[in-house]
Amino acid sequence: MEDIKIDKIIRSRRRTLALIVTADATLVVRAPLRVSLKYINNFVLKKQNWIKAKQQQVNENGGPVRSKEFIDGESFLYLGEIYRLKIEDCDRIELSQSLLFPKRYLLDAKGKMIEWYKDMARETIKARADIYSRSTGWEYKTIKITSAQTRWGSCSPKGSINFPWRLVMAPINAIDYVVVHELAHIHEKNHSARFWNKVETVLPDYKQRELWLKENRKFLNL
Ligand SMILES: [Zn+2]
């Protein structure tokens with residue numbers, strides 16, 4: 001029988017074992033502090049069909065993501081949907097069935113596309129932040145759209161909230177999670193239990209939304 005490689009074991013004060021197959025198909029086991037390696041190996045062995053299926057699924061999704069070439073038919077994400085690029089003699093980038101992209105932009109294709117994503121992010125994320133700010137009463141000062149690569153959001157001590165333009169590639173329910181997370185930081189700076197309670201009151205399924213971002217982060221880029 002073919003062995004399954006455990007890439008990482010993370011021990012904590014949890015009670016049960018959990019298996020995670022990440023976006024690059026590595027296998028992570030979350031385990032209680034005192035559980036033996038033998039027990040973990042047996043558990044993994046029992047779940048090997050699930051693990052293999054999951055890893056295969058991840059690999060079919062493309063393995064490592066290549067950077068964009070800006071050619072006809074290439075796929076781009078916007079609000080969680082895939083749009084095919086169509087290079088045309090148009091004036092500006094436009095969204096219809098496809099993502100229409102002006103031929104004259106090809107000299108600086110990536111720069112122009114990032115500008116477009118930034119505009120879209122500003123509009124969409126601000127609208128969502130206003131909805132949640134009104135319903136929760138958590139007021140922010142300003143919103144900034146950044147080029148951050150490593151985090152989905154941040155909150156300044158003075159109450160301005162920042163989001164990377166890449167976030168607008170995610171589905172609206174994942175965007176909402178990041179927005180609510182940063183709004184909750186306006187009054188709770190740390191990730192305390194109080195903080196997570198606040199997030200959960202607004203979005204009871206926030207963990208699923210957060211997981212989507214974790215599993216798909218490598219696709220949310222150019
Ligand atoms: Zn946070």
# chains A, B, ... in the order shown; residues from 1 in each chain; ligands from 1
>>> closest_atom_pairs(of="region 174-219 of chain A", to="region 147-152 of chain A", cutoff="10 Å", atoms="only C-alpha atoms", output="JSON lines")
{"residue": "A:Ile175", "atom": "CA", "partner": "A:Trp152", "partner_atom": "CA", "distance": 9.1}
{"residue": "A:Val178", "atom": "CA", "partner": "A:Trp152", "partner_atom": "CA", "distance": 6.7}
{"residue": "A:Val179", "atom": "CA", "partner": "A:Trp152", "partner_atom": "CA", "distance": 9.2}
{"residue": "A:His181", "atom": "CA", "partner": "A:Trp152", "partner_atom": "CA", "distance": 9.8}
{"residue": "A:Glu182", "atom": "CA", "partner": "A:Trp152", "partner_atom": "CA", "distance": 9.4}
{"residue": "A:Leu213", "atom": "CA", "partner": "A:Trp152", "partner_atom": "CA", "distance": 8.8}
{"residue": "A:Arg217", "atom": "CA", "partner": "A:Trp152", "partner_atom": "CA", "distance": 9.6}
>>> residues_near_ligand(ligand="ligand 1", cutoff="9 Å", atoms="only C-alpha atoms and all ligand atoms", output="MDAnalysis selection string")
chainID A and resid 153:155 178 181:182 184:185 189:191 195
>>> write_last_selection(atoms="C-alpha atoms", output="compact mmCIF listing (two decimals), in the first residue's frame")
# COMPACT_ATOMS: atom_id res chain seq x y z
CA GLY A 153 -6.97 43.41 5.68
CA SER A 154 -5.65 45.71 8.36
CA CYS A 155 -6.97 48.36 10.69
CA VAL A 178 -12.69 40.33 5.84
CA HIS A 181 -13.14 41.26 10.69
CA GLU A 182 -11.51 44.68 10.17
CA ALA A 184 -14.54 44.51 14.56
CA HIS A 185 -10.90 45.54 15.08
CA LYS A 189 -7.53 45.48 18.57
CA ASN A 190 -6.50 41.91 19.45
CA HIS A 191 -7.77 38.54 18.39
CA PHE A 195 -13.13 39.93 19.24
>>> atom_distance(atom1="CA of Leu19 (chain A)", atom2="CA of Ser192 (chain A)")
25.2 Å
>>> closest_residue(among="A:Val21, A:Val180, A:Ile145, A:Leu95", to="Trp196 (chain A)", atoms="only C-alpha atoms")
A:Val180
>>> residues_around(residues="Leu79 (chain A)", least_positions_apart="3", cutoff="12 Å", atoms="only C-alpha atoms", output="PyMOL selection string")
chain A and resi 76+82-83+95+117+120-121+124-125+165-176+220
>>> write_last_selection(atoms="N, CA, C and O atoms", output="compact mmCIF listing (two decimals), in the first residue's frame")
# COMPACT_ATOMS: atom_id res chain seq x y z
N PHE A 76 -9.73 35.08 -15.55
CA PHE A 76 -9.51 36.05 -14.49
C PHE A 76 -10.67 35.98 -13.51
O PHE A 76 -11.82 35.86 -13.91
N ILE A 82 -15.27 33.24 -12.71
CA ILE A 82 -14.20 33.25 -13.71
C ILE A 82 -14.69 33.95 -14.98
O ILE A 82 -15.76 33.63 -15.50
N TYR A 83 -13.92 34.91 -15.45
CA TYR A 83 -14.21 35.58 -16.73
C TYR A 83 -13.06 35.31 -17.68
O TYR A 83 -11.90 35.32 -17.28
N LEU A 95 -16.53 44.71 -18.20
CA LEU A 95 -17.00 43.38 -17.82
C LEU A 95 -18.32 43.10 -18.50
O LEU A 95 -19.28 43.88 -18.35
N TYR A 117 -8.70 46.42 -11.14
CA TYR A 117 -9.07 45.70 -9.91
C TYR A 117 -9.14 46.66 -8.72
O TYR A 117 -10.00 46.53 -7.86
N MET A 120 -12.41 48.55 -8.90
CA MET A 120 -13.52 47.66 -8.54
C MET A 120 -13.52 47.37 -7.04
O MET A 120 -14.57 47.35 -6.41
N ALA A 121 -12.34 47.16 -6.49
CA ALA A 121 -12.22 46.85 -5.06
C ALA A 121 -12.73 48.04 -4.24
O ALA A 121 -13.47 47.86 -3.27
N THR A 124 -16.65 48.15 -4.54
CA THR A 124 -17.34 47.02 -3.92
C THR A 124 -17.10 46.96 -2.42
O THR A 124 -18.04 46.82 -1.63
N ILE A 125 -15.83 47.06 -2.02
CA ILE A 125 -15.52 46.86 -0.60
C ILE A 125 -16.08 48.01 0.23
O ILE A 125 -16.59 47.81 1.32
N TRP A 165 -6.26 45.00 -3.20
CA TRP A 165 -7.15 44.93 -4.38
C TRP A 165 -7.48 43.48 -4.73
O TRP A 165 -8.55 43.19 -5.25
N ARG A 166 -6.57 42.53 -4.42
CA ARG A 166 -6.79 41.12 -4.76
C ARG A 166 -8.06 40.56 -4.11
O ARG A 166 -8.62 39.57 -4.58
N LEU A 167 -8.49 41.20 -3.01
CA LEU A 167 -9.66 40.69 -2.30
C LEU A 167 -10.91 40.72 -3.18
O LEU A 167 -11.81 39.91 -3.01
N VAL A 168 -10.97 41.65 -4.16
CA VAL A 168 -12.18 41.74 -4.99
C VAL A 168 -12.28 40.56 -5.97
O VAL A 168 -13.29 40.38 -6.64
N MET A 169 -11.25 39.71 -6.01
CA MET A 169 -11.34 38.48 -6.80
C MET A 169 -12.16 37.42 -6.06
O MET A 169 -12.62 36.46 -6.67
N ALA A 170 -12.33 37.58 -4.78
CA ALA A 170 -13.02 36.58 -3.95
C ALA A 170 -14.54 36.77 -4.03
O ALA A 170 -15.01 37.86 -4.33
N PRO A 171 -15.30 35.71 -3.71
CA PRO A 171 -16.76 35.85 -3.66
C PRO A 171 -17.17 36.85 -2.58
O PRO A 171 -16.45 37.03 -1.59
N ILE A 172 -18.34 37.42 -2.76
CA ILE A 172 -18.77 38.49 -1.86
C ILE A 172 -18.84 38.00 -0.41
O ILE A 172 -18.54 38.75 0.51
N ASN A 173 -19.18 36.74 -0.16
CA ASN A 173 -19.27 36.31 1.24
C ASN A 173 -17.90 36.20 1.92
O ASN A 173 -17.78 36.39 3.12
N ALA A 174 -16.85 35.97 1.12
CA ALA A 174 -15.50 36.00 1.69
C ALA A 174 -15.07 37.45 1.92
O ALA A 174 -14.45 37.77 2.94
N ILE A 175 -15.42 38.34 0.98
CA ILE A 175 -15.12 39.77 1.16
C ILE A 175 -15.80 40.28 2.43
O ILE A 175 -15.18 40.97 3.24
N ASP A 176 -17.06 39.89 2.60
CA ASP A 176 -17.81 40.34 3.78
C ASP A 176 -17.11 39.92 5.07
O ASP A 176 -17.07 40.66 6.04
N LEU A 220 -5.94 34.02 -6.03
CA LEU A 220 -6.35 35.42 -6.01
C LEU A 220 -5.15 36.32 -6.26
O LEU A 220 -4.66 37.00 -5.37
>>> select_by_dssp(residues="region 54-101 of chain A", states="strand (DSSP E or B)", output="list in words")
Ser75, Phe76, Leu77, Tyr78, Glu81, Ile82, Tyr83, Arg84, Leu85, Lys86, Ile87, Glu88, Glu94, Leu95, Leu99, Leu100 and Phe101 of chain A
>>> write_last_selection(atoms="N, CA, C and O atoms", output="PDB file, in the first residue's frame")
ATOM      1  N   SER A  75      -8.207  32.999 -18.032  1.00  0.00           N
ATOM      2  CA  SER A  75      -9.260  33.269 -17.047  1.00  0.00           C
ATOM      3  C   SER A  75      -8.809  34.217 -15.939  1.00  0.00           C
ATOM      4  O   SER A  75      -7.666  34.159 -15.471  1.00  0.00           O
ATOM      5  N   PHE A  76      -9.735  35.077 -15.554  1.00  0.00           N
ATOM      6  CA  PHE A  76      -9.507  36.050 -14.487  1.00  0.00           C
ATOM      7  C   PHE A  76     -10.668  35.980 -13.513  1.00  0.00           C
ATOM      8  O   PHE A  76     -11.815  35.857 -13.913  1.00  0.00           O
ATOM      9  N   LEU A  77     -10.351  36.095 -12.232  1.00  0.00           N
ATOM     10  CA  LEU A  77     -11.391  36.030 -11.200  1.00  0.00           C
ATOM     11  C   LEU A  77     -11.900  37.420 -10.842  1.00  0.00           C
ATOM     12  O   LEU A  77     -11.117  38.365 -10.704  1.00  0.00           O
ATOM     13  N   TYR A  78     -13.201  37.511 -10.688  1.00  0.00           N
ATOM     14  CA  TYR A  78     -13.799  38.744 -10.176  1.00  0.00           C
ATOM     15  C   TYR A  78     -15.029  38.350  -9.368  1.00  0.00           C
ATOM     16  O   TYR A  78     -15.914  37.657  -9.888  1.00  0.00           O
ATOM     17  N   GLU A  81     -16.148  34.744  -9.565  1.00  0.00           N
ATOM     18  CA  GLU A  81     -16.520  34.168 -10.859  1.00  0.00           C
ATOM     19  C   GLU A  81     -15.338  34.239 -11.813  1.00  0.00           C
ATOM     20  O   GLU A  81     -14.544  35.173 -11.748  1.00  0.00           O
ATOM     21  N   ILE A  82     -15.273  33.245 -12.713  1.00  0.00           N
ATOM     22  CA  ILE A  82     -14.205  33.250 -13.714  1.00  0.00           C
ATOM     23  C   ILE A  82     -14.690  33.946 -14.980  1.00  0.00           C
ATOM     24  O   ILE A  82     -15.765  33.634 -15.501  1.00  0.00           O
ATOM     25  N   TYR A  83     -13.919  34.907 -15.453  1.00  0.00           N
ATOM     26  CA  TYR A  83     -14.206  35.577 -16.726  1.00  0.00           C
ATOM     27  C   TYR A  83     -13.058  35.312 -17.683  1.00  0.00           C
ATOM     28  O   TYR A  83     -11.898  35.320 -17.284  1.00  0.00           O
ATOM     29  N   ARG A  84     -13.396  35.103 -18.963  1.00  0.00           N
ATOM     30  CA  ARG A  84     -12.364  34.887 -19.978  1.00  0.00           C
ATOM     31  C   ARG A  84     -11.942  36.217 -20.561  1.00  0.00           C
ATOM     32  O   ARG A  84     -12.789  37.061 -20.866  1.00  0.00           O
ATOM     33  N   LEU A  85     -10.653  36.380 -20.753  1.00  0.00           N
ATOM     34  CA  LEU A  85     -10.136  37.617 -21.324  1.00  0.00           C
ATOM     35  C   LEU A  85     -10.427  37.664 -22.825  1.00  0.00           C
ATOM     36  O   LEU A  85     -10.277  36.662 -23.525  1.00  0.00           O
ATOM     37  N   LYS A  86     -10.862  38.856 -23.292  1.00  0.00           N
ATOM     38  CA  LYS A  86     -11.111  39.044 -24.720  1.00  0.00           C
ATOM     39  C   LYS A  86     -10.440  40.349 -25.104  1.00  0.00           C
ATOM     40  O   LYS A  86     -10.851  41.420 -24.644  1.00  0.00           O
ATOM     41  N   ILE A  87      -9.402  40.261 -25.919  1.00  0.00           N
ATOM     42  CA  ILE A  87      -8.655  41.460 -26.296  1.00  0.00           C
ATOM     43  C   ILE A  87      -9.322  42.099 -27.510  1.00  0.00           C
ATOM     44  O   ILE A  87      -9.584  41.440 -28.513  1.00  0.00           O
ATOM     45  N   GLU A  88      -9.655  43.406 -27.353  1.00  0.00           N
ATOM     46  CA  GLU A  88     -10.463  44.078 -28.370  1.00  0.00           C
ATOM     47  C   GLU A  88      -9.967  45.496 -28.603  1.00  0.00           C
ATOM     48  O   GLU A  88      -9.137  46.004 -27.859  1.00  0.00           O
ATOM     49  N   GLU A  94     -13.731  46.368 -19.638  1.00  0.00           N
ATOM     50  CA  GLU A  94     -15.159  46.277 -19.364  1.00  0.00           C
ATOM     51  C   GLU A  94     -15.569  44.842 -19.094  1.00  0.00           C
ATOM     52  O   GLU A  94     -15.060  43.912 -19.717  1.00  0.00           O
ATOM     53  N   LEU A  95     -16.533  44.706 -18.201  1.00  0.00           N
ATOM     54  CA  LEU A  95     -16.995  43.382 -17.824  1.00  0.00           C
ATOM     55  C   LEU A  95     -18.324  43.102 -18.499  1.00  0.00           C
ATOM     56  O   LEU A  95     -19.275  43.876 -18.347  1.00  0.00           O
ATOM     57  N   LEU A  99     -14.231  39.370 -20.091  1.00  0.00           N
ATOM     58  CA  LEU A  99     -13.548  40.550 -19.585  1.00  0.00           C
ATOM     59  C   LEU A  99     -12.868  41.210 -20.797  1.00  0.00           C
ATOM     60  O   LEU A  99     -11.866  40.709 -21.306  1.00  0.00           O
ATOM     61  N   LEU A 100     -13.474  42.292 -21.264  1.00  0.00           N
ATOM     62  CA  LEU A 100     -12.962  42.960 -22.460  1.00  0.00           C
ATOM     63  C   LEU A 100     -11.758  43.811 -22.093  1.00  0.00           C
ATOM     64  O   LEU A 100     -11.798  44.589 -21.146  1.00  0.00           O
ATOM     65  N   PHE A 101     -10.694  43.638 -22.869  1.00  0.00           N
ATOM     66  CA  PHE A 101      -9.426  44.279 -22.514  1.00  0.00           C
ATOM     67  C   PHE A 101      -8.874  45.001 -23.747  1.00  0.00           C
ATOM     68  O   PHE A 101      -8.663  44.388 -24.798  1.00  0.00           O
TER      69      PHE A 101
END
>>> select_by_dssp(residues="region 76-107 of chain A", states="helix (DSSP H, G or I)", output="number ranges by chain")
A: 103-107
>>> closest_residue(among="A:Tyr39, A:Phe219, A:Tyr206, A:Phe70", to="Met113 (chain A)", atoms="only C-alpha atoms")
A:Phe70
>>> atom_distance(atom1="CA of Glu215 (chain A)", atom2="CA of Ala23 (chain A)")
5.0 Å
>>> closest_residue(among="A:Phe163, A:Asp7, A:Val199, A:Val35", to="Tyr132 (chain A)", atoms="only C-alpha atoms")
A:Val199
>>> residues_around(residues="Lys144 (chain A)", least_positions_apart="2", cutoff="9 Å", atoms="only C-alpha atoms", output="list in words")
Arg122, Thr142, Thr146, Ser160, Ile161, Asn162, Phe163 and Pro164 of chain A
>>> closest_residue(among="A:Arg13, A:His187, A:Ser135, A:Ser156", to="Thr201 (chain A)", atoms="only C-alpha atoms")
A:Ser135
>>> residues_around(residues="Pro102 (chain A)", least_positions_apart="2", cutoff="7 Å", atoms="only C-alpha atoms", output="list in words")
Ile87, Glu88, Asp89, Cys90, Asp91, Arg92, Ile93, Leu100, Arg104 and Tyr105 of chain A
>>> closest_residue(among="A:Asn59, A:Asn49, A:Asn42, A:Ser12", to="Ala25 (chain A)", atoms="only C-alpha atoms")
A:Asn59
>>> atom_distance(atom1="CA of Val202 (chain A)", atom2="CA of Tyr177 (chain A)")
9.3 Å
>>> decode(residues="region 24-58 of chain A", atoms="N, CA and C atoms", output="PDB file, in the first residue's frame")
ATOM      1  N   ASP A  24      -1.708  23.897  -1.772  1.00  0.00           N
ATOM      2  CA  ASP A  24      -0.628  23.279  -2.559  1.00  0.00           C
ATOM      3  C   ASP A  24      -0.523  21.769  -2.276  1.00  0.00           C
ATOM      4  N   ALA A  25      -1.625  21.180  -1.823  1.00  0.00           N
ATOM      5  CA  ALA A  25      -1.771  19.729  -1.663  1.00  0.00           C
ATOM      6  C   ALA A  25      -0.940  19.135  -0.519  1.00  0.00           C
ATOM      7  N   THR A  26      -0.427  19.966   0.372  1.00  0.00           N
ATOM      8  CA  THR A  26       0.275  19.391   1.514  1.00  0.00           C
ATOM      9  C   THR A  26      -0.744  18.965   2.582  1.00  0.00           C
ATOM     10  N   LEU A  27      -0.334  17.944   3.322  1.00  0.00           N
ATOM     11  CA  LEU A  27      -1.227  17.404   4.344  1.00  0.00           C
ATOM     12  C   LEU A  27      -0.794  17.897   5.733  1.00  0.00           C
ATOM     13  N   VAL A  28      -1.713  18.591   6.388  1.00  0.00           N
ATOM     14  CA  VAL A  28      -1.451  19.086   7.728  1.00  0.00           C
ATOM     15  C   VAL A  28      -2.379  18.362   8.692  1.00  0.00           C
ATOM     16  N   VAL A  29      -1.815  17.869   9.799  1.00  0.00           N
ATOM     17  CA  VAL A  29      -2.638  17.223  10.821  1.00  0.00           C
ATOM     18  C   VAL A  29      -2.665  18.119  12.052  1.00  0.00           C
ATOM     19  N   ARG A  30      -3.857  18.448  12.490  1.00  0.00           N
ATOM     20  CA  ARG A  30      -3.989  19.157  13.770  1.00  0.00           C
ATOM     21  C   ARG A  30      -4.297  18.116  14.834  1.00  0.00           C
ATOM     22  N   ALA A  31      -3.528  18.149  15.918  1.00  0.00           N
ATOM     23  CA  ALA A  31      -3.660  17.072  16.892  1.00  0.00           C
ATOM     24  C   ALA A  31      -3.619  17.611  18.321  1.00  0.00           C
ATOM     25  N   PRO A  32      -4.254  16.870  19.236  1.00  0.00           N
ATOM     26  CA  PRO A  32      -4.139  17.220  20.655  1.00  0.00           C
ATOM     27  C   PRO A  32      -2.689  17.042  21.110  1.00  0.00           C
ATOM     28  N   LEU A  33      -2.318  17.669  22.213  1.00  0.00           N
ATOM     29  CA  LEU A  33      -0.934  17.659  22.680  1.00  0.00           C
ATOM     30  C   LEU A  33      -0.398  16.245  22.919  1.00  0.00           C
ATOM     31  N   ARG A  34      -1.216  15.367  23.508  1.00  0.00           N
ATOM     32  CA  ARG A  34      -0.680  14.099  23.989  1.00  0.00           C
ATOM     33  C   ARG A  34      -0.885  12.889  23.090  1.00  0.00           C
ATOM     34  N   VAL A  35      -1.459  13.069  21.953  1.00  0.00           N
ATOM     35  CA  VAL A  35      -1.730  11.927  21.096  1.00  0.00           C
ATOM     36  C   VAL A  35      -0.428  11.401  20.464  1.00  0.00           C
ATOM     37  N   SER A  36      -0.266  10.066  20.427  1.00  0.00           N
ATOM     38  CA  SER A  36       0.996   9.506  19.934  1.00  0.00           C
ATOM     39  C   SER A  36       1.074   9.544  18.412  1.00  0.00           C
ATOM     40  N   LEU A  37       2.323   9.473  17.929  1.00  0.00           N
ATOM     41  CA  LEU A  37       2.558   9.478  16.491  1.00  0.00           C
ATOM     42  C   LEU A  37       1.899   8.274  15.832  1.00  0.00           C
ATOM     43  N   LYS A  38       1.907   7.145  16.556  1.00  0.00           N
ATOM     44  CA  LYS A  38       1.326   5.919  16.031  1.00  0.00           C
ATOM     45  C   LYS A  38      -0.181   6.105  15.813  1.00  0.00           C
ATOM     46  N   TYR A  39      -0.814   6.739  16.786  1.00  0.00           N
ATOM     47  CA  TYR A  39      -2.255   6.983  16.700  1.00  0.00           C
ATOM     48  C   TYR A  39      -2.563   7.886  15.500  1.00  0.00           C
ATOM     49  N   ILE A  40      -1.722   8.909  15.327  1.00  0.00           N
ATOM     50  CA  ILE A  40      -1.906   9.831  14.209  1.00  0.00           C
ATOM     51  C   ILE A  40      -1.749   9.090  12.881  1.00  0.00           C
ATOM     52  N   ASN A  41      -0.695   8.262  12.786  1.00  0.00           N
ATOM     53  CA  ASN A  41      -0.465   7.500  11.562  1.00  0.00           C
ATOM     54  C   ASN A  41      -1.633   6.567  11.229  1.00  0.00           C
ATOM     55  N   ASN A  42      -2.173   5.931  12.250  1.00  0.00           N
ATOM     56  CA  ASN A  42      -3.328   5.060  12.030  1.00  0.00           C
ATOM     57  C   ASN A  42      -4.531   5.835  11.529  1.00  0.00           C
ATOM     58  N   PHE A  43      -4.722   6.990  12.109  1.00  0.00           N
ATOM     59  CA  PHE A  43      -5.842   7.841  11.723  1.00  0.00           C
ATOM     60  C   PHE A  43      -5.713   8.243  10.252  1.00  0.00           C
ATOM     61  N   VAL A  44      -4.488   8.659   9.882  1.00  0.00           N
ATOM     62  CA  VAL A  44      -4.227   9.075   8.500  1.00  0.00           C
ATOM     63  C   VAL A  44      -4.451   7.898   7.547  1.00  0.00           C
ATOM     64  N   LEU A  45      -4.015   6.729   7.970  1.00  0.00           N
ATOM     65  CA  LEU A  45      -4.186   5.530   7.148  1.00  0.00           C
ATOM     66  C   LEU A  45      -5.668   5.260   6.895  1.00  0.00           C
ATOM     67  N   LYS A  46      -6.473   5.405   7.946  1.00  0.00           N
ATOM     68  CA  LYS A  46      -7.914   5.172   7.815  1.00  0.00           C
ATOM     69  C   LYS A  46      -8.565   6.164   6.861  1.00  0.00           C
ATOM     70  N   LYS A  47      -8.006   7.368   6.844  1.00  0.00           N
ATOM     71  CA  LYS A  47      -8.622   8.425   6.027  1.00  0.00           C
ATOM     72  C   LYS A  47      -7.934   8.585   4.678  1.00  0.00           C
ATOM     73  N   GLN A  48      -7.121   7.597   4.297  1.00  0.00           N
ATOM     74  CA  GLN A  48      -6.282   7.839   3.111  1.00  0.00           C
ATOM     75  C   GLN A  48      -7.072   8.068   1.824  1.00  0.00           C
ATOM     76  N   ASN A  49      -8.244   7.446   1.704  1.00  0.00           N
ATOM     77  CA  ASN A  49      -9.017   7.665   0.476  1.00  0.00           C
ATOM     78  C   ASN A  49      -9.468   9.110   0.356  1.00  0.00           C
ATOM     79  N   TRP A  50      -9.927   9.629   1.477  1.00  0.00           N
ATOM     80  CA  TRP A  50     -10.357  11.035   1.496  1.00  0.00           C
ATOM     81  C   TRP A  50      -9.175  11.952   1.165  1.00  0.00           C
ATOM     82  N   ILE A  51      -8.018  11.671   1.783  1.00  0.00           N
ATOM     83  CA  ILE A  51      -6.832  12.522   1.572  1.00  0.00           C
ATOM     84  C   ILE A  51      -6.407  12.500   0.105  1.00  0.00           C
ATOM     85  N   LYS A  52      -6.353  11.300  -0.464  1.00  0.00           N
ATOM     86  CA  LYS A  52      -5.921  11.171  -1.864  1.00  0.00           C
ATOM     87  C   LYS A  52      -6.872  11.912  -2.798  1.00  0.00           C
ATOM     88  N   ALA A  53      -8.170  11.762  -2.534  1.00  0.00           N
ATOM     89  CA  ALA A  53      -9.157  12.432  -3.384  1.00  0.00           C
ATOM     90  C   ALA A  53      -8.978  13.943  -3.309  1.00  0.00           C
ATOM     91  N   LYS A  54      -8.776  14.414  -2.089  1.00  0.00           N
ATOM     92  CA  LYS A  54      -8.630  15.850  -1.863  1.00  0.00           C
ATOM     93  C   LYS A  54      -7.359  16.385  -2.546  1.00  0.00           C
ATOM     94  N   GLN A  55      -6.268  15.626  -2.417  1.00  0.00           N
ATOM     95  CA  GLN A  55      -5.004  16.073  -3.023  1.00  0.00           C
ATOM     96  C   GLN A  55      -5.092  16.057  -4.550  1.00  0.00           C
ATOM     97  N   GLN A  56      -5.796  15.069  -5.062  1.00  0.00           N
ATOM     98  CA  GLN A  56      -5.963  14.988  -6.509  1.00  0.00           C
ATOM     99  C   GLN A  56      -6.766  16.183  -7.010  1.00  0.00           C
ATOM    100  N   GLN A  57      -7.811  16.497  -6.263  1.00  0.00           N
ATOM    101  CA  GLN A  57      -8.668  17.631  -6.609  1.00  0.00           C
ATOM    102  C   GLN A  57      -7.856  18.926  -6.652  1.00  0.00           C
ATOM    103  N   VAL A  58      -7.005  19.122  -5.653  1.00  0.00           N
ATOM    104  CA  VAL A  58      -6.167  20.318  -5.605  1.00  0.00           C
ATOM    105  C   VAL A  58      -5.226  20.347  -6.810  1.00  0.00           C
TER     106      VAL A  58
END
